[in-house]
Amino acid sequence: MGNGLTANQAARRCGAELTTAKDRFGKFAITVGFENARAMLAIRGEVDRVNAPEMGAILDAVIERHRSVVLDFAELDFMNGWGLGVIAARASRLRRSGGTLTIRSPSAMVLRLLDVTGVGEAVLLENPDPPRRHLGAEQSSEMSEAPLGTEPSHLDRHAGKITAIPAATDVVDGALRLVVALARATVGGADGASVSLRRHGHLATVAASDQTIADMDASQYASGEGPCVDASVNGRWFHAESLDTETRWPAFTPRAQALGIKAILSSPLLAEDRPVGALNIYSRTSMAFAPKDQELASVFATEASLVLTSAGVDVTDEQLSARRNEALATRRVIAQAEGVIMEREGVEADDAYSMLCDYSRRSNRPFRERAEDVVSSTHRLRLDPEPELRQSHNG
Amino acid sequence: MAETSAAEQPAELLDRYRLNAGLSYGDLWLRYFEIGGMSNALELEAILCGALRPSPHDREVIAHALNERFVELGGNHPVPYSESDAERRRDQNGKS
């Protein structure tokens, strides 16, 4: 594990092991020991909102008796702002009482958090021979041979979540086409397979083994019924064992039968536990899907769901992209409105923003609308020397 | 949207409003960014976790992003826009 001490090595070197705390998921552990005159806490696993208070409580207990405390992060996999908040508070308390908090072997992620938040100024860093992973997330993420490649990926995963940037549509579609091809080839009785996904607010087939199957899906979207639609909406699987006796989808069933389909198995696709589509497997034989085939279909649907979840497809790419464009457009209008107010009122940008905020609050209308009012009021300037803006601010 | 106590730290208070508003960190960041917030998503999360102190301007933008959400939900700007606004609101509540 790179250089520096692992938590276990550190604990052994320190001698007495005082406390070991594990959270309910077993990923997080703290080992407390001593090293020369310093108290040493080796943190292992992931520190997040759930276990940050536990780390804080143990740190508090240690700080009560010791002025010089070392946090060993050699085996820390992940820490978010909650862990950092706990450390920041203890670091400043130690500093006030003349003590020191040292962070040993911080990862690139921790260094970045310390840097961004300024907490780094309140702690000492101990990392005599930094391994390559400390070069920075961007560089180390490219080093597949780096022994601690998990940390950049944790950072990437976290960054992906908070900025909600999904994977490119074509990458997701490629993965789904692979799932369709595998399902078609391996599920017993399968004559065709497809994946339906909600895009632009409507279900669409993003991968299909042939045109008949794509038509079959389209027929369900058009009639608003069928196993594929139900699985996509309800988030549970639907199995039409034999369309000859099927009664649940009266509009769709005859169309499927006309195309020679006898059995359909639709498994839901979930992103972040929300239904977003379905994996559909079609057969020209009644009762084609044995229990083991149903199980296999479920495995493929689960895999496809993991792809969708990690790609951030709980809202579709297009919806998110439209939302981001909308946000950018709003920012532009607000910036323009700020400029107008700065010019009219002779104030600085922050004050102009506060004024806009105040208008929005008093009129109980969204910020964007008020900003648009201000911008459009410039068109009336030539006719109206006392624009609405000035009146509403003074009034 | 319970009235907050004076003892509560500013960051905890903002994060509690975020939870009450039913917004993820990502949701709030997009709203904050939309109305002119300049911090990135990681910094916003650090502010809400108490690890980073917001500038008065940032504090105002976060409060307004939350308040717009509360207005959508039928509320009336419950989040104080600044420390002094929070104090003023506490005083008013104390008198009434």
# chains A, B, ... in the order shown; residues from 1 in each chain; ligands from 1
>>> residues_around(residues="segment 10-25 of chain B", least_positions_apart="4", cutoff="7 Å", atoms="only C-alpha atoms", output="ChimeraX atom specification")
/A:162 /B:1,29,45,47-50,66,69-70
>>> write_last_selection(atoms="N, CA and C atoms", output="PDB file, in the first residue's frame")
ATOM      1  N   ILE A 162     -22.127  14.942  -7.144  1.00  0.00           N
ATOM      2  CA  ILE A 162     -22.544  16.270  -6.723  1.00  0.00           C
ATOM      3  C   ILE A 162     -22.724  17.211  -7.898  1.00  0.00           C
TER       4      ILE A 162
ATOM      5  N   MET B   1     -40.039  23.103   8.212  1.00  0.00           N
ATOM      6  CA  MET B   1     -39.616  24.487   8.194  1.00  0.00           C
ATOM      7  C   MET B   1     -39.759  25.119   9.563  1.00  0.00           C
ATOM      8  N   TRP B  29     -27.011  22.755  -5.701  1.00  0.00           N
ATOM      9  CA  TRP B  29     -25.924  23.438  -6.400  1.00  0.00           C
ATOM     10  C   TRP B  29     -26.400  24.000  -7.736  1.00  0.00           C
ATOM     11  N   GLU B  45     -20.857  22.004  -0.981  1.00  0.00           N
ATOM     12  CA  GLU B  45     -21.075  20.916  -0.018  1.00  0.00           C
ATOM     13  C   GLU B  45     -20.232  21.169   1.235  1.00  0.00           C
ATOM     14  N   ILE B  47     -19.380  24.042   2.427  1.00  0.00           N
ATOM     15  CA  ILE B  47     -20.037  25.119   3.178  1.00  0.00           C
ATOM     16  C   ILE B  47     -21.165  24.537   4.021  1.00  0.00           C
ATOM     17  N   LEU B  48     -21.967  23.671   3.405  1.00  0.00           N
ATOM     18  CA  LEU B  48     -23.129  23.124   4.104  1.00  0.00           C
ATOM     19  C   LEU B  48     -22.726  22.140   5.195  1.00  0.00           C
ATOM     20  N   CYS B  49     -21.538  21.574   5.053  1.00  0.00           N
ATOM     21  CA  CYS B  49     -21.050  20.659   6.089  1.00  0.00           C
ATOM     22  C   CYS B  49     -20.290  21.417   7.179  1.00  0.00           C
ATOM     23  N   GLY B  50     -20.143  22.704   7.037  1.00  0.00           N
ATOM     24  CA  GLY B  50     -19.462  23.490   8.067  1.00  0.00           C
ATOM     25  C   GLY B  50     -17.958  23.519   7.927  1.00  0.00           C
ATOM     26  N   LEU B  66     -32.460  28.415  -1.686  1.00  0.00           N
ATOM     27  CA  LEU B  66     -33.336  27.616  -0.813  1.00  0.00           C
ATOM     28  C   LEU B  66     -34.722  28.256  -0.727  1.00  0.00           C
ATOM     29  N   ARG B  69     -36.974  27.599  -3.583  1.00  0.00           N
ATOM     30  CA  ARG B  69     -37.534  26.251  -3.487  1.00  0.00           C
ATOM     31  C   ARG B  69     -38.721  26.246  -2.504  1.00  0.00           C
ATOM     32  N   PHE B  70     -38.540  26.940  -1.360  1.00  0.00           N
ATOM     33  CA  PHE B  70     -39.628  26.961  -0.371  1.00  0.00           C
ATOM     34  C   PHE B  70     -40.855  27.690  -0.915  1.00  0.00           C
TER      35      PHE B  70
END
>>> interface_residues(of="chain B", to="chain A", cutoff="9 Å", atoms="only C-alpha atoms", output="NGL selection string")
:B and (24-27 or 29-31 or 33-37 or 40-43 or 45-53 or 57 or 60-61 or 64 or 67-68 or 71 or 76-77)
>>> write_last_selection(atoms="C-alpha atoms", output="tab-separated table (two decimals), in the first residue's frame")
chain	number	residue	atom	x	y	z
B	24	SER	CA	-29.86	16.87	-2.82
B	25	TYR	CA	-26.51	18.68	-2.78
B	26	GLY	CA	-26.52	18.42	-6.59
B	27	ASP	CA	-30.05	19.86	-6.87
B	29	TRP	CA	-25.92	23.44	-6.40
B	30	LEU	CA	-27.66	23.71	-9.78
B	31	ARG	CA	-30.22	26.14	-8.33
B	33	PHE	CA	-25.38	28.17	-9.80
B	34	GLU	CA	-28.43	29.24	-11.77
B	35	ILE	CA	-28.96	32.38	-9.71
B	36	GLY	CA	-25.33	33.39	-9.85
B	37	GLY	CA	-23.50	31.26	-7.25
B	40	ASN	CA	-18.28	24.81	-7.32
B	41	ALA	CA	-20.33	21.86	-6.11
B	42	LEU	CA	-17.62	20.56	-3.81
B	43	GLU	CA	-17.21	23.96	-2.19
B	45	GLU	CA	-21.08	20.92	-0.02
B	46	ALA	CA	-18.15	21.96	2.19
B	47	ILE	CA	-20.04	25.12	3.18
B	48	LEU	CA	-23.13	23.12	4.10
B	49	CYS	CA	-21.05	20.66	6.09
B	50	GLY	CA	-19.46	23.49	8.07
B	51	ALA	CA	-15.98	22.94	6.67
B	52	LEU	CA	-15.89	26.12	4.62
B	53	ARG	CA	-17.15	29.51	5.69
B	57	HIS	CA	-22.55	37.08	-0.81
B	60	GLU	CA	-27.14	35.26	0.42
B	61	VAL	CA	-27.17	33.27	-2.83
B	64	HIS	CA	-32.14	32.67	-1.92
B	67	ASN	CA	-36.03	30.25	-0.45
B	68	GLU	CA	-37.06	29.95	-4.10
B	71	VAL	CA	-41.76	29.43	-2.34
B	76	ASN	CA	-42.50	32.37	2.37
B	77	HIS	CA	-38.73	32.85	2.38
>>> atom_distance(atom1="atom CA of Ala74 of chain A", atom2="atom CA of Arg38 of chain A")
17.2 Å
>>> select_by_dssp(residues="segment 167-231 of chain A", states="strand (DSSP E)", output="number ranges by chain")
A: 192-199, 202-208
>>> atom_distance(atom1="atom CA of Cys228 of chain A", atom2="atom CA of Gly260 of chain A")
17.1 Å
>>> atom_distance(atom1="atom CA of Arg96 of chain A", atom2="atom CA of Ala122 of chain A")
10.3 Å
>>> select_by_dssp(residues="segment 155-255 of chain A", states="alpha helix (DSSP H)", output="PyMOL selection string")
chain A and resi 155-163+169-186+211-223+227-234+253-255
>>> write_last_selection(atoms="N, CA and C atoms", output="compact mmCIF listing (two decimals), in the first residue's frame")
# COMPACT_ATOMS: atom_id res chain seq x y z
N LEU A 155 -13.02 9.91 -5.69
CA LEU A 155 -13.22 11.34 -5.91
C LEU A 155 -14.08 11.56 -7.14
N ASP A 156 -13.73 10.83 -8.20
CA ASP A 156 -14.49 10.98 -9.43
C ASP A 156 -15.95 10.63 -9.20
N ARG A 157 -16.18 9.54 -8.45
CA ARG A 157 -17.55 9.10 -8.23
C ARG A 157 -18.30 10.16 -7.46
N HIS A 158 -17.61 10.71 -6.45
CA HIS A 158 -18.26 11.71 -5.62
C HIS A 158 -18.54 12.97 -6.44
N ALA A 159 -17.50 13.38 -7.19
CA ALA A 159 -17.68 14.58 -8.01
C ALA A 159 -18.81 14.36 -9.01
N GLY A 160 -18.88 13.16 -9.54
CA GLY A 160 -19.95 12.85 -10.49
C GLY A 160 -21.30 13.03 -9.85
N LYS A 161 -21.42 12.61 -8.61
CA LYS A 161 -22.70 12.72 -7.93
C LYS A 161 -23.07 14.17 -7.69
N ILE A 162 -22.13 14.94 -7.14
CA ILE A 162 -22.54 16.27 -6.72
C ILE A 162 -22.72 17.21 -7.90
N THR A 163 -22.06 16.95 -8.99
CA THR A 163 -22.28 17.84 -10.12
C THR A 163 -23.25 17.22 -11.12
N THR A 169 -24.29 9.99 -23.84
CA THR A 169 -25.39 9.12 -24.26
C THR A 169 -24.90 7.94 -25.08
N ASP A 170 -23.94 8.18 -25.98
CA ASP A 170 -23.52 7.08 -26.85
C ASP A 170 -22.80 5.99 -26.08
N VAL A 171 -22.11 6.37 -25.00
CA VAL A 171 -21.44 5.36 -24.17
C VAL A 171 -22.49 4.49 -23.48
N VAL A 172 -23.51 5.12 -22.93
CA VAL A 172 -24.58 4.39 -22.25
C VAL A 172 -25.29 3.48 -23.26
N ASP A 173 -25.60 4.03 -24.43
CA ASP A 173 -26.31 3.23 -25.43
C ASP A 173 -25.47 2.04 -25.88
N GLY A 174 -24.17 2.23 -26.00
CA GLY A 174 -23.29 1.13 -26.38
C GLY A 174 -23.34 0.00 -25.37
N ALA A 175 -23.32 0.37 -24.08
CA ALA A 175 -23.39 -0.64 -23.02
C ALA A 175 -24.73 -1.37 -23.07
N LEU A 176 -25.79 -0.62 -23.34
CA LEU A 176 -27.13 -1.24 -23.39
C LEU A 176 -27.27 -2.16 -24.60
N ARG A 177 -26.63 -1.79 -25.72
CA ARG A 177 -26.66 -2.67 -26.90
C ARG A 177 -25.97 -3.99 -26.59
N LEU A 178 -24.90 -3.90 -25.81
CA LEU A 178 -24.18 -5.11 -25.42
C LEU A 178 -25.08 -5.99 -24.55
N VAL A 179 -25.78 -5.38 -23.61
CA VAL A 179 -26.69 -6.13 -22.74
C VAL A 179 -27.76 -6.83 -23.58
N VAL A 180 -28.30 -6.11 -24.56
CA VAL A 180 -29.33 -6.68 -25.43
C VAL A 180 -28.77 -7.89 -26.20
N ALA A 181 -27.57 -7.73 -26.76
CA ALA A 181 -26.97 -8.82 -27.54
C ALA A 181 -26.72 -10.04 -26.66
N LEU A 182 -26.25 -9.80 -25.42
CA LEU A 182 -25.98 -10.91 -24.51
C LEU A 182 -27.27 -11.59 -24.08
N ALA A 183 -28.29 -10.80 -23.80
CA ALA A 183 -29.57 -11.37 -23.37
C ALA A 183 -30.16 -12.22 -24.50
N ARG A 184 -30.10 -11.68 -25.71
CA ARG A 184 -30.63 -12.39 -26.88
C ARG A 184 -29.89 -13.72 -27.07
N ALA A 185 -28.58 -13.72 -26.83
CA ALA A 185 -27.77 -14.91 -27.10
C ALA A 185 -27.85 -15.95 -25.99
N THR A 186 -28.10 -15.51 -24.76
CA THR A 186 -27.96 -16.45 -23.65
C THR A 186 -29.26 -16.85 -22.97
N GLN A 211 -35.46 -5.23 -36.27
CA GLN A 211 -36.50 -4.24 -36.51
C GLN A 211 -37.87 -4.69 -35.98
N THR A 212 -38.15 -5.99 -36.06
CA THR A 212 -39.44 -6.50 -35.56
C THR A 212 -39.59 -6.16 -34.07
N ILE A 213 -38.49 -6.37 -33.37
CA ILE A 213 -38.51 -6.10 -31.93
C ILE A 213 -38.71 -4.60 -31.68
N ALA A 214 -38.01 -3.77 -32.46
CA ALA A 214 -38.18 -2.32 -32.32
C ALA A 214 -39.62 -1.94 -32.59
N ASP A 215 -40.24 -2.57 -33.62
CA ASP A 215 -41.65 -2.29 -33.93
C ASP A 215 -42.55 -2.73 -32.77
N MET A 216 -42.19 -3.86 -32.18
CA MET A 216 -42.97 -4.39 -31.05
C MET A 216 -42.98 -3.39 -29.89
N ASP A 217 -41.82 -2.83 -29.60
CA ASP A 217 -41.73 -1.82 -28.54
C ASP A 217 -42.55 -0.59 -28.91
N ALA A 218 -42.37 -0.14 -30.17
CA ALA A 218 -43.05 1.07 -30.62
C ALA A 218 -44.57 0.91 -30.51
N SER A 219 -45.02 -0.29 -30.79
CA SER A 219 -46.45 -0.58 -30.71
C SER A 219 -46.95 -0.42 -29.26
N GLN A 220 -46.10 -0.80 -28.31
CA GLN A 220 -46.48 -0.64 -26.90
C GLN A 220 -46.50 0.84 -26.50
N TYR A 221 -45.48 1.59 -26.96
CA TYR A 221 -45.46 3.01 -26.60
C TYR A 221 -46.70 3.69 -27.18
N ALA A 222 -47.07 3.29 -28.43
CA ALA A 222 -48.19 3.94 -29.11
C ALA A 222 -49.51 3.66 -28.39
N SER A 223 -49.68 2.40 -27.96
CA SER A 223 -50.94 2.06 -27.31
C SER A 223 -50.90 2.39 -25.81
N PRO A 227 -46.24 -5.13 -21.54
CA PRO A 227 -45.32 -5.46 -20.43
C PRO A 227 -44.16 -4.49 -20.34
N CYS A 228 -43.67 -4.03 -21.48
CA CYS A 228 -42.53 -3.11 -21.48
C CYS A 228 -42.91 -1.79 -20.81
N VAL A 229 -44.08 -1.27 -21.16
CA VAL A 229 -44.54 0.00 -20.58
C VAL A 229 -44.78 -0.17 -19.08
N ASP A 230 -45.42 -1.28 -18.70
CA ASP A 230 -45.72 -1.50 -17.28
C ASP A 230 -44.45 -1.66 -16.45
N ALA A 231 -43.49 -2.42 -16.99
CA ALA A 231 -42.24 -2.61 -16.25
C ALA A 231 -41.50 -1.28 -16.10
N SER A 232 -41.52 -0.47 -17.15
CA SER A 232 -40.82 0.82 -17.12
C SER A 232 -41.46 1.79 -16.14
N VAL A 233 -42.77 1.71 -16.01
CA VAL A 233 -43.48 2.66 -15.15
C VAL A 233 -43.54 2.15 -13.71
N ASN A 234 -43.84 0.86 -13.54
CA ASN A 234 -44.07 0.34 -12.19
C ASN A 234 -42.80 -0.16 -11.51
N THR A 253 -51.81 -6.80 -27.35
CA THR A 253 -51.61 -8.24 -27.58
C THR A 253 -51.88 -8.68 -29.04
N PRO A 254 -52.98 -8.27 -29.66
CA PRO A 254 -53.21 -8.71 -31.04
C PRO A 254 -52.11 -8.27 -32.01
N ARG A 255 -51.56 -7.06 -31.79
CA ARG A 255 -50.49 -6.57 -32.67
C ARG A 255 -49.24 -7.45 -32.53
